Amino acid sequence: DGLIGIADTRLTSGDVDYVVTGKKIFVFKEKKHALFIMFSGLKSLGDEMIAILNTRSKEFLDQKKIYQGLDFIAKVIRELRHREEQWLERGNLPFDLNCIVGGQFADDHTAQLFRIYPEGSWTRVRRDTPFELIGEVKYGKPLLDRTFNINVSVEKALLIGLISFDTVWKSNPLVHPPLDIVSYKLDSYEFTQRRLHEKDLMKLRVKWEESLSKVIEDLHKLRPKLIR
C-alpha cells in the first residue's frame, strides 16, 4: 500500500532536565520524485546533511531510481565524515548518523524503504522484516517482531508503530511526544504529514495498558494449563 515513517521530536540525550525538540523527518519532492529521510545521532550532523541535500536538491532529485538517490545521500554522508570525524574525536564523540530513507522515484515500480549507516553503506528493507528502527530500538522492537508483517495495511502499520513508540516512551524519558508521522501512498508521489502531541496519544496508551492487564489476568486464570 505504501510507507509509514514515525519519529519523536526530542533531540537531546543525557540531561532529562534540558529538553530540545525539533524535526527528525525531512521530505524531498518534485514531480515524480518523492523521498523522506529520518535520522538519529548527532543533531549537528543531521542538520549538515539536510542542508547539503537542500542545496544540491536539483542534482539529488534528478536521479531516475531511488537507489541512485541513496547513493547520492551516501556520498554526502561520506563527505561529512571526512570533514568532521577528526574534530568530533577531539571531543570524544563518534561520527553517529543513521538514516531511514523511504520513497519512490520515476522509474521505480514500487515504493521502497532503506537504512543508511554512518559509513555510507545502505541496506534495503525486505519483505521478511518489513520495518527498520534507528535510535532507541530495544524497547519498541519486540512488539514489532511479534505483530508486524508485510500484509498489514498502512492504517494498521501506523497503529502498531504508535504502540511501539509508546513502549519506548514508557521506559525511556529521552523519547517523548510530539511524534511526527509521514505516510506515502504507492505511485502518488505525495506525502501526508501530521504531528501528534501527548494528549492525542493518551487514549491509545490507556487502552493499550488496559488490554495488557486483561491479557495477564486471562493468562493467570489459565496458569495450571499453561505451566506444567
# chains A, B, ... in the order shown; residues from 1 in each chain; ligands from 1
call {"tool": "residues_around", "arguments": {"residues": "Ala111 in chain A", "least_positions_apart": "4", "cutoff": "12 Å", "atoms": "only C-alpha atoms", "output": "JSON, numbers by chain"}}
result
{"A": [1, 2, 3, 4, 32, 33, 34, 35, 36, 65, 66, 67, 101, 102, 103, 104, 105, 106, 107, 124, 125, 126, 183, 184, 185, 186, 187, 188, 189, 190]}
call {"tool": "residues_around", "arguments": {"residues": "Lys24 in chain A", "least_positions_apart": "6", "cutoff": "10 Å", "atoms": "only C-alpha atoms", "output": "PyMOL selection string"}}
result
chain A and resi 6-11+37-40+43+46-47+99+179-180
call {"tool": "closest_residue", "arguments": {"among": "A:Asp145, A:Glu59, A:Asp71, A:Glu136", "to": "Leu174 in chain A", "atoms": "only C-alpha atoms"}}
result
A:Glu136
call {"tool": "closest_atom_pairs", "arguments": {"of": "range 81-182 of chain A", "to": "range 194-206 of chain A", "cutoff": "7 Å", "atoms": "only C-alpha atoms", "output": "CSV"}}
result
residue,atom,partner,partner_atom,distance
A:Asp166,CA,A:Arg205,CA,6.9
A:Pro177,CA,A:Glu198,CA,5.5
A:Pro178,CA,A:His197,CA,4.3
A:Leu179,CA,A:Leu196,CA,5.2
A:Asp180,CA,A:Arg195,CA,4.5
A:Ile181,CA,A:Arg194,CA,5.2
A:Val182,CA,A:Arg194,CA,6.7
call {"tool": "closest_residue", "arguments": {"among": "A:Asn172, A:Val215, A:Ser153, A:Pro118", "to": "Gly140 in chain A", "atoms": "only C-alpha atoms"}}
result
A:Asn172
call {"tool": "closest_residue", "arguments": {"among": "A:Lys221, A:Lys75, A:Lys29, A:Arg81", "to": "Ser57 in chain A", "atoms": "only C-alpha atoms"}}
result
A:Lys29
